[in-house]
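**Q** Structure supplied as run_18.csv; contents: CSV, C-alpha atoms and all ligand atoms.
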chain,number,residue,atom,x,y,z
A,18,MET,CA,244.1,46.4,-104.0
A,19,THR,CA,244.1,47.7,-100.5
A,20,THR,CA,244.7,45.4,-97.6
A,21,SER,CA,241.2,45.9,-96.3
A,22,ALA,CA,239.9,44.2,-99.4
A,23,ASN,CA,241.5,41.0,-98.2
A,24,PRO,CA,238.7,39.2,-96.3
A,25,GLU,CA,241.1,37.4,-94.0
A,26,LEU,CA,242.5,40.7,-92.7
A,27,GLN,CA,239.1,42.1,-92.1
A,28,ILE,CA,238.5,39.5,-89.4
A,29,SER,CA,239.4,41.1,-86.1
A,30,PRO,CA,241.6,38.9,-84.1
A,31,MET,CA,239.8,39.7,-80.8
A,32,PRO,CA,236.2,40.6,-80.2
A,33,SER,CA,236.1,44.4,-79.5
A,34,ARG,CA,234.5,46.0,-76.5
A,35,GLN,CA,232.5,49.2,-76.9
A,36,LEU,CA,233.2,51.7,-74.1
A,37,PRO,CA,230.8,54.6,-73.6
A,38,LYS,CA,231.9,58.0,-74.8
A,39,LEU,CA,234.4,59.1,-72.2
A,40,ALA,CA,235.0,62.6,-70.8
A,41,ARG,CA,236.6,61.7,-67.5
A,42,ILE,CA,238.0,58.5,-66.0
A,43,VAL,CA,239.1,57.5,-62.5
A,44,VAL,CA,242.1,55.2,-62.5
A,45,LYS,CA,243.0,53.3,-59.3
A,46,VAL,CA,246.4,51.8,-58.9
A,47,GLY,CA,247.1,49.3,-56.1
A,48,SER,CA,250.0,49.2,-53.7
A,49,ALA,CA,251.2,45.9,-55.0
A,50,VAL,CA,251.6,47.4,-58.4
A,51,ILE,CA,253.5,50.5,-57.5
A,52,ALA,CA,255.7,49.3,-54.6
A,53,GLY,CA,258.1,46.4,-54.4
A,54,ASP,CA,259.9,45.6,-51.1
A,55,GLY,CA,259.0,49.0,-49.7
A,56,ASN,CA,260.4,50.9,-52.6
A,57,VAL,CA,258.9,52.8,-55.5
A,58,ARG,CA,259.0,50.9,-58.8
A,59,PRO,CA,260.2,53.6,-61.2
A,60,GLU,CA,259.3,51.6,-64.3
A,61,ILE,CA,255.7,51.3,-63.2
A,62,PHE,CA,255.4,55.1,-62.5
A,63,ALA,CA,257.0,55.8,-65.9
A,64,ALA,CA,254.5,53.5,-67.6
A,65,LEU,CA,251.6,55.0,-65.7
A,66,ALA,CA,252.6,58.6,-66.5
A,67,ASN,CA,252.9,57.6,-70.2
A,68,ASP,CA,249.4,56.1,-70.1
A,69,VAL,CA,247.9,59.1,-68.4
A,70,ALA,CA,249.5,61.5,-70.8
A,71,ASP,CA,248.1,59.4,-73.7
A,72,VAL,CA,244.6,59.4,-72.2
A,73,ARG,CA,244.7,63.2,-71.7
A,74,ALA,CA,245.9,63.7,-75.2
A,75,ARG,CA,242.6,62.1,-76.3
A,76,GLY,CA,240.8,64.9,-74.4
A,77,ILE,CA,239.8,62.7,-71.5
A,78,ASP,CA,240.4,63.9,-67.9
A,79,VAL,CA,242.1,61.5,-65.5
A,80,VAL,CA,241.7,61.4,-61.7
A,81,LEU,CA,244.1,59.0,-60.1
A,82,VAL,CA,243.5,57.1,-56.9
A,83,VAL,CA,246.9,55.7,-55.9
A,84,SER,CA,247.6,53.4,-53.0
A,85,GLY,CA,251.0,52.7,-51.5
A,86,ALA,CA,251.5,55.2,-48.7
A,87,VAL,CA,251.9,52.4,-46.2
A,88,ALA,CA,253.8,50.2,-48.6
A,89,LEU,CA,256.3,53.0,-49.3
A,90,GLY,CA,256.6,54.2,-45.7
A,91,TYR,CA,257.0,51.2,-43.4
A,92,ARG,CA,260.8,50.9,-44.0
A,93,GLY,CA,261.3,54.6,-43.2
A,94,CYS,CA,259.7,53.9,-39.8
A,95,GLY,CA,262.1,51.0,-39.3
A,96,PHE,CA,259.5,48.3,-39.6
A,97,ALA,CA,260.7,45.1,-41.1
A,98,THR,CA,257.4,44.3,-42.7
A,99,VAL,CA,254.1,46.1,-43.5
A,100,PRO,CA,252.5,46.5,-40.1
A,101,SER,CA,249.0,45.5,-39.3
A,102,ASP,CA,248.7,47.7,-36.2
A,103,VAL,CA,246.5,50.7,-37.0
A,104,VAL,CA,248.8,53.3,-35.5
A,105,GLN,CA,251.9,51.9,-37.0
A,106,ARG,CA,250.1,51.9,-40.4
A,107,GLN,CA,249.2,55.6,-39.8
A,108,ALA,CA,252.9,56.4,-39.1
A,109,ALA,CA,254.1,54.4,-42.1
A,110,ALA,CA,251.5,56.2,-44.4
A,111,SER,CA,252.7,59.6,-43.3
A,112,VAL,CA,256.3,58.6,-44.4
A,113,GLY,CA,255.2,57.0,-47.6
A,114,GLN,CA,252.6,59.4,-48.9
A,115,PRO,CA,255.1,62.2,-49.8
A,116,LYS,CA,257.3,59.5,-51.5
A,117,LEU,CA,254.3,58.4,-53.5
A,118,MET,CA,253.5,62.0,-54.6
A,119,ALA,CA,257.1,62.8,-55.3
A,120,ALA,CA,257.3,59.8,-57.7
A,121,LEU,CA,254.0,60.7,-59.4
A,122,ASP,CA,254.9,64.4,-59.6
A,123,HIS,CA,258.3,63.5,-61.2
A,124,HIS,CA,257.0,61.1,-63.8
A,125,LEU,CA,253.9,63.1,-64.8
A,126,GLY,CA,256.1,66.2,-64.8
A,127,GLN,CA,258.2,64.6,-67.6
A,128,HIS,CA,255.1,64.9,-69.7
A,129,GLY,CA,254.5,68.5,-68.6
A,130,ILE,CA,251.6,67.4,-66.3
A,131,ALA,CA,251.1,68.9,-62.9
A,132,THR,CA,249.8,66.8,-60.0
A,133,ALA,CA,247.7,67.7,-56.9
A,134,GLN,CA,247.2,65.7,-53.8
A,135,LEU,CA,243.9,65.2,-52.1
A,136,LEU,CA,243.7,63.1,-49.0
A,137,MET,CA,240.2,62.1,-48.1
A,138,SER,CA,238.3,60.3,-45.4
A,139,ALA,CA,234.8,58.9,-45.2
A,140,ASP,CA,233.6,62.2,-43.8
A,141,ASP,CA,234.6,64.0,-47.0
A,142,ILE,CA,232.0,61.9,-48.8
A,143,GLU,CA,229.3,61.6,-46.1
A,144,ASN,CA,229.1,65.3,-45.2
A,145,ARG,CA,227.3,67.0,-48.0
A,146,ARG,CA,229.2,70.3,-47.6
A,147,ARG,CA,232.6,68.5,-47.7
A,148,PHE,CA,231.4,66.3,-50.6
A,149,LEU,CA,230.6,69.4,-52.6
A,150,SER,CA,233.8,71.1,-51.5
A,151,ALA,CA,235.8,68.0,-52.8
A,152,ARG,CA,233.8,68.1,-56.0
A,153,HIS,CA,234.6,71.8,-56.5
A,154,THR,CA,238.3,71.3,-55.9
A,155,LEU,CA,238.4,68.4,-58.3
A,156,GLN,CA,236.6,70.4,-61.0
A,157,ALA,CA,238.9,73.3,-60.6
A,158,LEU,CA,242.0,71.1,-60.8
A,159,LEU,CA,240.8,69.3,-63.9
A,160,ALA,CA,239.8,72.6,-65.5
A,161,ALA,CA,243.4,73.8,-64.9
A,162,GLY,CA,244.8,70.6,-66.6
A,163,VAL,CA,246.1,69.2,-63.3
A,164,VAL,CA,245.9,65.5,-62.5
A,165,PRO,CA,244.4,65.1,-59.0
A,166,VAL,CA,245.8,62.2,-57.1
A,167,ILE,CA,243.6,60.9,-54.3
A,168,ASN,CA,244.4,58.6,-51.4
A,169,GLU,CA,242.8,58.0,-48.1
A,170,ASN,CA,244.0,60.3,-45.3
A,171,ASP,CA,245.8,57.2,-43.8
A,172,ALA,CA,248.0,59.2,-41.5
A,173,LEU,CA,245.1,60.6,-39.5
A,174,SER,CA,242.0,58.5,-40.2
A,175,ASP,CA,241.2,55.7,-37.8
A,176,ASP,CA,239.0,52.7,-38.7
A,177,GLU,CA,235.9,54.7,-37.8
A,178,THR,CA,236.6,57.6,-40.2
A,179,LYS,CA,238.0,55.5,-43.0
A,180,VAL,CA,236.5,54.4,-46.3
A,181,GLY,CA,238.8,51.4,-45.7
A,182,ASP,CA,240.1,50.4,-49.1
A,183,ASN,CA,241.1,52.3,-52.2
A,184,ASP,CA,238.9,50.3,-54.5
A,185,HIS,CA,235.9,51.5,-52.6
A,186,LEU,CA,237.4,55.1,-52.4
A,187,ALA,CA,237.9,55.0,-56.2
A,188,ALA,CA,234.3,53.9,-56.8
A,189,LEU,CA,233.0,56.8,-54.6
A,190,THR,CA,235.4,59.2,-56.4
A,191,THR,CA,233.6,58.4,-59.7
A,192,SER,CA,230.6,60.1,-58.1
A,193,VAL,CA,232.5,63.0,-56.6
A,194,ALA,CA,234.2,63.6,-60.0
A,195,SER,CA,231.3,62.8,-62.2
A,196,ALA,CA,233.5,60.3,-64.1
A,197,ASP,CA,232.2,57.9,-66.7
A,198,LEU,CA,234.6,55.0,-66.2
A,199,LEU,CA,236.4,53.4,-63.3
A,200,VAL,CA,239.6,51.5,-64.0
A,201,LEU,CA,241.1,49.3,-61.2
A,202,LEU,CA,244.7,48.5,-62.1
A,203,SER,CA,246.1,45.7,-60.0
A,204,ARG,CA,248.4,42.7,-60.1
A,205,VAL,CA,245.3,40.6,-61.0
A,206,ALA,CA,244.6,40.7,-64.7
A,207,GLY,CA,240.8,40.5,-64.2
A,208,LEU,CA,238.0,38.4,-62.8
A,209,TYR,CA,238.7,34.7,-63.4
A,210,ARG,CA,235.8,32.5,-64.4
A,211,ASN,CA,235.1,29.8,-61.8
A,212,GLY,CA,235.3,26.7,-63.9
A,213,ASP,CA,237.8,27.2,-66.8
A,214,GLY,CA,239.9,29.8,-65.0
A,215,GLU,CA,239.7,32.2,-68.0
A,216,ILE,CA,239.5,35.9,-67.5
A,217,ILE,CA,235.9,37.0,-68.0
A,218,SER,CA,236.0,39.7,-70.6
A,219,GLU,CA,232.6,41.3,-69.9
A,220,ILE,CA,230.0,40.6,-67.3
A,221,SER,CA,226.8,42.3,-66.3
A,222,ILE,CA,226.9,43.8,-62.8
A,223,ASP,CA,223.6,41.9,-62.2
A,224,ALA,CA,225.3,38.5,-62.8
A,225,PRO,CA,226.1,36.2,-59.8
A,226,LEU,CA,229.6,37.7,-59.4
A,227,ALA,CA,230.3,36.0,-56.0
A,228,ASP,CA,230.7,32.7,-57.9
A,229,HIS,CA,233.9,34.0,-59.5
A,230,ILE,CA,235.5,35.6,-56.5
A,231,ASN,CA,238.5,33.6,-55.2
A,232,ASP,CA,239.8,36.1,-52.7
A,233,SER,CA,243.4,36.5,-52.0
A,234,LEU,CA,244.9,39.7,-50.7
A,235,SER,CA,248.3,41.1,-51.7
A,236,ASP,CA,250.8,41.7,-48.8
A,237,THR,CA,250.4,45.4,-48.9
A,238,GLY,CA,246.9,46.2,-50.1
A,239,VAL,CA,243.7,45.8,-48.2
A,240,GLY,CA,241.3,45.1,-51.0
A,241,GLY,CA,241.4,41.8,-52.8
A,242,MET,CA,238.9,40.7,-55.5
A,243,LYS,CA,235.9,41.0,-53.3
A,244,ALA,CA,236.6,44.7,-52.7
A,245,LYS,CA,237.1,45.3,-56.4
A,246,VAL,CA,233.8,43.6,-57.4
A,247,SER,CA,232.0,45.5,-54.6
A,248,ALA,CA,233.6,48.8,-55.9
A,249,ALA,CA,232.2,47.9,-59.4
A,250,GLN,CA,228.8,47.4,-57.9
A,251,ILE,CA,228.9,50.8,-56.2
A,252,ALA,CA,230.0,52.6,-59.4
A,253,ALA,CA,227.3,50.8,-61.3
A,254,ARG,CA,224.7,52.5,-59.0
A,255,TRP,CA,225.2,55.6,-61.0
A,256,GLY,CA,225.7,53.9,-64.3
A,257,VAL,CA,229.5,53.9,-64.3
A,258,PRO,CA,231.2,50.8,-65.8
A,259,THR,CA,234.3,49.4,-64.2
A,260,ILE,CA,237.3,47.6,-65.7
A,261,ILE,CA,239.7,45.5,-63.7
A,262,ALA,CA,242.9,45.1,-65.5
A,263,ASP,CA,246.6,44.3,-65.1
A,264,GLY,CA,248.5,47.3,-63.9
A,265,THR,CA,252.0,45.8,-64.1
A,266,THR,CA,252.4,46.0,-67.9
A,267,SER,CA,252.6,49.3,-69.7
A,268,GLY,CA,250.1,50.5,-72.2
A,269,THR,CA,247.1,49.0,-70.4
A,270,LEU,CA,245.1,52.3,-70.4
A,271,GLN,CA,245.8,52.8,-74.1
A,272,LYS,CA,244.6,49.3,-74.9
A,273,LEU,CA,241.5,49.8,-72.8
A,274,LEU,CA,240.6,53.0,-74.5
A,275,ASN,CA,241.2,51.4,-77.9
A,276,ASN,CA,238.5,49.0,-76.9
A,277,GLU,CA,240.8,46.0,-76.7
A,278,PRO,CA,239.0,43.5,-74.5
A,279,ILE,CA,241.7,43.1,-71.8
A,280,GLY,CA,240.8,42.6,-68.2
A,281,THR,CA,237.2,42.3,-67.1
A,282,TYR,CA,234.5,44.9,-68.0
A,283,PHE,CA,231.6,45.2,-65.6
A,284,ALA,CA,228.6,46.5,-67.5
A,285,PRO,CA,226.4,48.6,-65.3
A,286,ASN,CA,222.7,48.6,-65.5
A,287,THR,CA,221.3,51.6,-67.4
A,288,ARG,CA,219.4,53.2,-64.5
A,289,LYS,CA,221.2,56.3,-63.3
A,290,LEU,CA,220.6,58.2,-60.1
A,291,ASP,CA,220.7,62.0,-60.2
A,292,ALA,CA,223.7,63.7,-58.5
A,293,ARG,CA,222.0,64.2,-55.1
A,294,LYS,CA,220.5,60.7,-54.9
A,295,GLN,CA,223.9,59.4,-55.8
A,296,TRP,CA,225.4,61.2,-52.9
A,297,ILE,CA,222.8,59.8,-50.6
A,298,ALA,CA,223.6,56.3,-51.8
A,299,VAL,CA,227.4,56.6,-51.8
A,300,ARG,CA,228.0,56.2,-48.1
A,301,SER,CA,229.5,53.0,-46.8
A,302,ARG,CA,227.4,53.2,-43.6
A,303,SER,CA,224.1,54.2,-42.3
A,304,ARG,CA,224.0,55.8,-38.8
A,305,GLY,CA,220.7,54.2,-37.7
A,306,SER,CA,217.4,53.0,-38.9
A,307,VAL,CA,213.7,53.6,-38.6
A,308,TRP,CA,211.1,50.8,-38.9
A,309,VAL,CA,207.7,51.9,-40.4
A,310,ASP,CA,204.3,50.4,-40.7
A,311,GLY,CA,202.7,49.0,-43.9
A,312,GLY,CA,200.9,52.2,-44.7
A,313,ALA,CA,204.0,54.3,-44.5
A,314,GLN,CA,205.9,51.8,-46.5
A,315,THR,CA,203.4,51.8,-49.3
A,316,ALA,CA,203.3,55.6,-49.3
A,317,VAL,CA,207.0,55.9,-49.5
A,318,ALA,CA,207.8,53.0,-51.8
A,319,GLU,CA,204.9,53.3,-54.2
A,320,ARG,CA,203.4,56.7,-54.0
A,321,GLY,CA,206.6,58.8,-53.7
A,322,ALA,CA,205.7,60.3,-50.4
A,323,SER,CA,207.9,61.6,-47.7
A,324,LEU,CA,208.3,59.7,-44.4
A,325,LEU,CA,206.1,61.1,-41.6
A,326,ALA,CA,206.4,60.5,-37.9
A,327,LYS,CA,203.0,58.8,-37.8
A,328,GLY,CA,204.2,55.7,-39.7
A,329,ILE,CA,207.4,55.2,-37.6
A,330,THR,CA,207.2,52.3,-35.2
A,331,GLN,CA,210.8,51.9,-34.0
A,332,VAL,CA,213.9,54.1,-34.1
A,333,HIS,CA,217.4,52.4,-33.9
A,334,GLY,CA,220.8,54.0,-33.4
A,335,ASP,CA,221.9,57.4,-32.2
A,336,PHE,CA,222.0,59.7,-35.2
A,337,THR,CA,222.0,63.4,-35.7
A,338,ILE,CA,220.1,65.6,-38.1
A,339,GLY,CA,221.4,65.0,-41.6
A,340,ALA,CA,222.8,61.5,-41.0
A,341,ARG,CA,221.9,58.8,-43.4
A,342,ILE,CA,219.5,56.2,-42.1
A,343,GLU,CA,217.8,53.1,-43.4
A,344,VAL,CA,214.1,53.1,-43.7
A,345,CYS,CA,212.9,49.5,-42.9
A,346,ASP,CA,209.7,47.7,-43.3
A,347,ALA,CA,207.7,46.1,-40.4
A,348,ASP,CA,210.2,43.2,-40.3
A,349,GLY,CA,213.2,45.4,-40.2
A,350,GLN,CA,214.2,44.9,-43.8
A,351,PRO,CA,215.6,48.2,-45.3
A,352,PHE,CA,213.8,49.4,-48.4
A,353,ALA,CA,215.1,53.0,-48.6
A,354,LEU,CA,218.0,55.2,-47.6
A,355,GLY,CA,217.4,58.8,-46.5
A,356,LEU,CA,218.8,61.7,-44.6
A,357,ALA,CA,217.2,62.3,-41.2
A,358,SER,CA,215.4,65.6,-40.7
A,359,TYR,CA,215.4,65.0,-37.0
A,360,SER,CA,217.8,63.4,-34.6
A,361,ALA,CA,217.2,59.8,-33.3
A,362,ASP,CA,216.0,61.1,-29.9
A,363,GLU,CA,213.6,63.5,-31.5
A,364,MET,CA,212.2,60.8,-33.8
A,365,ARG,CA,211.7,58.5,-30.8
A,366,ARG,CA,209.6,61.1,-29.1
A,367,VAL,CA,207.4,61.9,-32.1
A,368,ALA,CA,207.2,58.4,-33.6
A,369,GLY,CA,203.5,57.4,-34.1
A,370,HIS,CA,202.3,60.9,-33.8
A,371,LYS,CA,200.6,63.2,-36.4
A,372,ALA,CA,202.6,66.1,-37.8
A,373,HIS,CA,200.6,68.8,-36.0
A,374,GLU,CA,201.5,67.2,-32.7
A,375,ILE,CA,205.2,67.7,-33.2
A,376,GLN,CA,205.1,71.2,-31.8
A,377,ASP,CA,203.5,70.1,-28.6
A,378,ILE,CA,205.8,67.2,-28.0
A,379,LEU,CA,209.1,68.8,-28.9
A,380,GLY,CA,208.3,72.5,-28.3
A,381,TYR,CA,209.5,73.2,-31.9
A,382,VAL,CA,209.1,72.0,-35.4
A,383,TYR,CA,211.8,72.0,-38.1
A,384,VAL,CA,209.8,70.4,-40.9
A,385,ASP,CA,206.7,68.1,-41.0
A,386,GLU,CA,208.7,65.2,-42.6
A,387,MET,CA,211.1,62.9,-40.7
A,388,VAL,CA,212.8,62.0,-44.0
A,389,HIS,CA,211.9,64.3,-46.9
A,390,ARG,CA,211.2,62.6,-50.3
A,391,ASP,CA,214.0,64.6,-51.9
A,392,ASP,CA,216.4,63.2,-49.4
A,393,MET,CA,215.5,59.6,-50.0
A,394,VAL,CA,216.5,56.9,-52.4
A,395,LEU,CA,214.6,53.6,-52.7
A,396,LEU,CA,217.0,50.7,-52.6
A,397,GLN,CA,215.6,49.3,-55.8
A,398,GLU,CA,216.7,52.5,-57.5
A,399,ALA,CA,220.1,52.4,-55.9
A,400,THR,CA,221.0,48.7,-56.1
A,401,PRO,CA,221.7,47.2,-59.5
A,501,LIG,N1,245.4,53.9,-48.6
A,501,LIG,C1,246.3,52.8,-48.4
A,501,LIG,C2,247.7,53.2,-48.8
A,501,LIG,O1,247.9,54.1,-49.6
A,501,LIG,C3,246.0,51.6,-49.3
A,501,LIG,C4,244.6,51.1,-49.2
A,501,LIG,C5,244.3,50.0,-50.1
A,501,LIG,O2,245.3,49.2,-50.4
A,501,LIG,O3,243.2,49.8,-50.6
A,501,LIG,O4,248.7,52.7,-48.4
Let me see the file written as structure tokens.
**A**
Amino acid sequence: MTTSANPELQISPMPSRQLPKLARIVVKVGSAVIAGDGNVRPEIFAALANDVADVRARGIDVVLVVSGAVALGYRGCGFATVPSDVVQRQAAASVGQPKLMAALDHHLGQHGIATAQLLMSADDIENRRRFLSARHTLQALLAAGVVPVINENDALSDDETKVGDNDHLAALTTSVASADLLVLLSRVAGLYRNGDGEIISEISIDAPLADHINDSLSDTGVGGMKAKVSAAQIAARWGVPTIIADGTTSGTLQKLLNNEPIGTYFAPNTRKLDARKQWIAVRSRSRGSVWVDGGAQTAVAERGASLLAKGITQVHGDFTIGARIEVCDADGQPFALGLASYSADEMRRVAGHKAHEIQDILGYVYVDEMVHRDDMVLLQEATP
């Protein structure tokens, strides 16, 4: 008699979770996990490297987003605590980032895995050329068997050019890397249910998640639970599920990939945007907005039309060609996001006019559309 014939042993002790088929995952590790008192926690790096090696042995690519530049650098700058001042944080990050990479390179190197550093800012996502360039670099690294390690370019970015927190950066990275799972490893073991305080094993991204967010920030990180849930919502826009799990114990990634229901799994909706529409929806900010009349709104939202100057009633902000803007209804409520074919000043001049009048008004015509259909995403497509 084999053990499986014993009915008691056939009962699984925990409900299992079914992850989608995975080819590539993005794993974000928070500062509070990797650093303690301003120093590298070698046991954490060793466990992470072990986990990453295991995931790759399953034929799954790994892209790491690792925080900790500031947390590992402030002491080297002579600061007693993690600074809050922007410039002091930039200085600390430039001291800590090489320490972070040295530790990762050492521990992954023990498994024969090479690492690469990519320091990004919001511009690398918002500018289409830079986005594609980052995508190509990632693809080439992964094809070469290298583990790309991404962090924000903290040393040089200021608040204006930053994505802001690495949970958000990791969510955007799932789009750049065409990954199919986002794992956020932190000191928090998951999303705790408001009420019984239990970790929610699985929750739909459409559920009222805010009810369960009890936000507390770690000393070194900038995210907190709100940022993690918001990151999960971003990844879900292109159909990528997110898991928040405890990063302080070893073997977490193995357990996750074995479908053990640890942490919280955020199930995305099934709608998926194509790659270009994803990119339009990925930005954290729009640079301006246009308000349109009812006719233009119906044409854009219901008939799949481009936005023409005729329907524009107001132009807000100071944007250039190619910037992402919001397309709003007559009450100023955004219903679409799109890339501007003309600058804000040009749009103000031609707003309310027919396409054939653009030449007379501006003295030139780039295209007839103010926002072309191919450059537009309806919010109902992009928001879960
Ligand atoms: N990029 C920051 C760092 O490496 C961390 C940002 C975050 O905690 O989300 O120090």
**Q** Using only C-alpha atoms and all ligand atoms, find each residue with an atom at most 10 Å away from ligand LIG 501 (chain A) and format the answer as a ChimeraX atom specification.
**A** /A:45-49,52,82-91,99,106-107,109-111,113-114,117,136-137,167-172,179-187,234-241,244-245
**Q** Which residue is closest to Glu177 in chain A? Choose from A:Asp140, A:His389, A:Gly305, A:Pro115 and count all atoms listed in the file.
**A**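 Once distances to Glu177 in chain A are computed over all atoms listed in the file, the minimum belongs to A:Asp140.
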**Q** Which residue out of A:Ala63, A:Trp296, A:Leu198, A:Ala157 has the minimum interatomic distance to Asp141 in chain A when only C-alpha atoms are used?
**A**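 Distance minimum relative to Asp141 in chain A lands on A:Trp296.
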**Q** Rank nothing, just name the residue among A:Thr266, A:Ser192, A:Thr337, A:Ser358 nearest to Asp68 in chain A, using all atoms listed in the file.
**A** A:Thr266
**Q** Figure out the distance between CA of Ala196 in chain A and CA of Ile42 in chain A, please, to one decimal in Å.
**A** 5.2 Å
**Q** Return range 76-94 of chain A, completed with N, CA and C atoms, as an mmCIF file, keeping the file's coordinate frame.
**A**
data_model
loop_
_atom_site.group_PDB
_atom_site.id
_atom_site.type_symbol
_atom_site.label_atom_id
_atom_site.label_comp_id
_atom_site.auth_asym_id
_atom_site.auth_seq_id
_atom_site.Cartn_x
_atom_site.Cartn_y
_atom_site.Cartn_z
ATOM 1 N N GLY A 76 241.817 63.938 -74.935
ATOM 2 C CA GLY A 76 240.800 64.900 -74.400
ATOM 3 C C GLY A 76 239.992 64.304 -73.283
ATOM 4 N N ILE A 77 240.534 63.287 -72.618
ATOM 5 C CA ILE A 77 239.800 62.700 -71.500
ATOM 6 C C ILE A 77 240.539 63.039 -70.190
ATOM 7 N N ASP A 78 239.785 63.565 -69.226
ATOM 8 C CA ASP A 78 240.400 63.900 -67.900
ATOM 9 C C ASP A 78 240.670 62.637 -67.137
ATOM 10 N N VAL A 79 241.735 62.701 -66.334
ATOM 11 C CA VAL A 79 242.100 61.500 -65.500
ATOM 12 C C VAL A 79 242.168 61.970 -64.034
ATOM 13 N N VAL A 80 241.509 61.204 -63.192
ATOM 14 C CA VAL A 80 241.700 61.400 -61.700
ATOM 15 C C VAL A 80 242.321 60.061 -61.266
ATOM 16 N N LEU A 81 243.441 60.196 -60.565
ATOM 17 C CA LEU A 81 244.100 59.000 -60.100
ATOM 18 C C LEU A 81 243.772 58.750 -58.607
ATOM 19 N N VAL A 82 243.582 57.494 -58.255
ATOM 20 C CA VAL A 82 243.500 57.100 -56.900
ATOM 21 C C VAL A 82 244.644 56.113 -56.678
ATOM 22 N N VAL A 83 245.663 56.531 -55.951
ATOM 23 C CA VAL A 83 246.900 55.700 -55.900
ATOM 24 C C VAL A 83 247.120 55.254 -54.443
ATOM 25 N N SER A 84 247.245 53.960 -54.254
ATOM 26 C CA SER A 84 247.600 53.400 -53.000
ATOM 27 C C SER A 84 249.087 53.264 -52.847
ATOM 28 N N GLY A 85 249.543 53.000 -51.668
ATOM 29 C CA GLY A 85 251.000 52.700 -51.500
ATOM 30 C C GLY A 85 251.645 53.554 -50.442
ATOM 31 N N ALA A 86 250.870 54.384 -49.750
ATOM 32 C CA ALA A 86 251.500 55.200 -48.700
ATOM 33 C C ALA A 86 252.097 54.287 -47.631
ATOM 34 N N VAL A 87 251.350 53.284 -47.210
ATOM 35 C CA VAL A 87 251.900 52.400 -46.200
ATOM 36 C C VAL A 87 253.017 51.548 -46.753
ATOM 37 N N ALA A 88 252.791 51.057 -47.971
ATOM 38 C CA ALA A 88 253.800 50.200 -48.600
ATOM 39 C C ALA A 88 255.121 50.902 -48.827
ATOM 40 N N LEU A 89 255.081 52.230 -49.049
ATOM 41 C CA LEU A 89 256.300 53.000 -49.300
ATOM 42 C C LEU A 89 256.896 53.586 -48.033
ATOM 43 N N GLY A 90 256.153 53.489 -46.935
ATOM 44 C CA GLY A 90 256.600 54.200 -45.700
ATOM 45 C C GLY A 90 257.061 53.310 -44.595
ATOM 46 N N TYR A 91 256.743 52.030 -44.631
ATOM 47 C CA TYR A 91 257.000 51.200 -43.400
ATOM 48 C C TYR A 91 258.528 51.082 -43.178
ATOM 49 N N ARG A 92 259.316 51.041 -44.253
ATOM 50 C CA ARG A 92 260.800 50.900 -44.000
ATOM 51 C C ARG A 92 261.336 52.151 -43.363
ATOM 52 N N GLY A 93 260.816 53.306 -43.796
ATOM 53 C CA GLY A 93 261.300 54.600 -43.200
ATOM 54 C C GLY A 93 261.002 54.671 -41.731
ATOM 55 N N CYS A 94 260.020 53.914 -41.278
ATOM 56 C CA CYS A 94 259.700 53.900 -39.800
ATOM 57 C C CYS A 94 260.498 52.806 -39.123
#
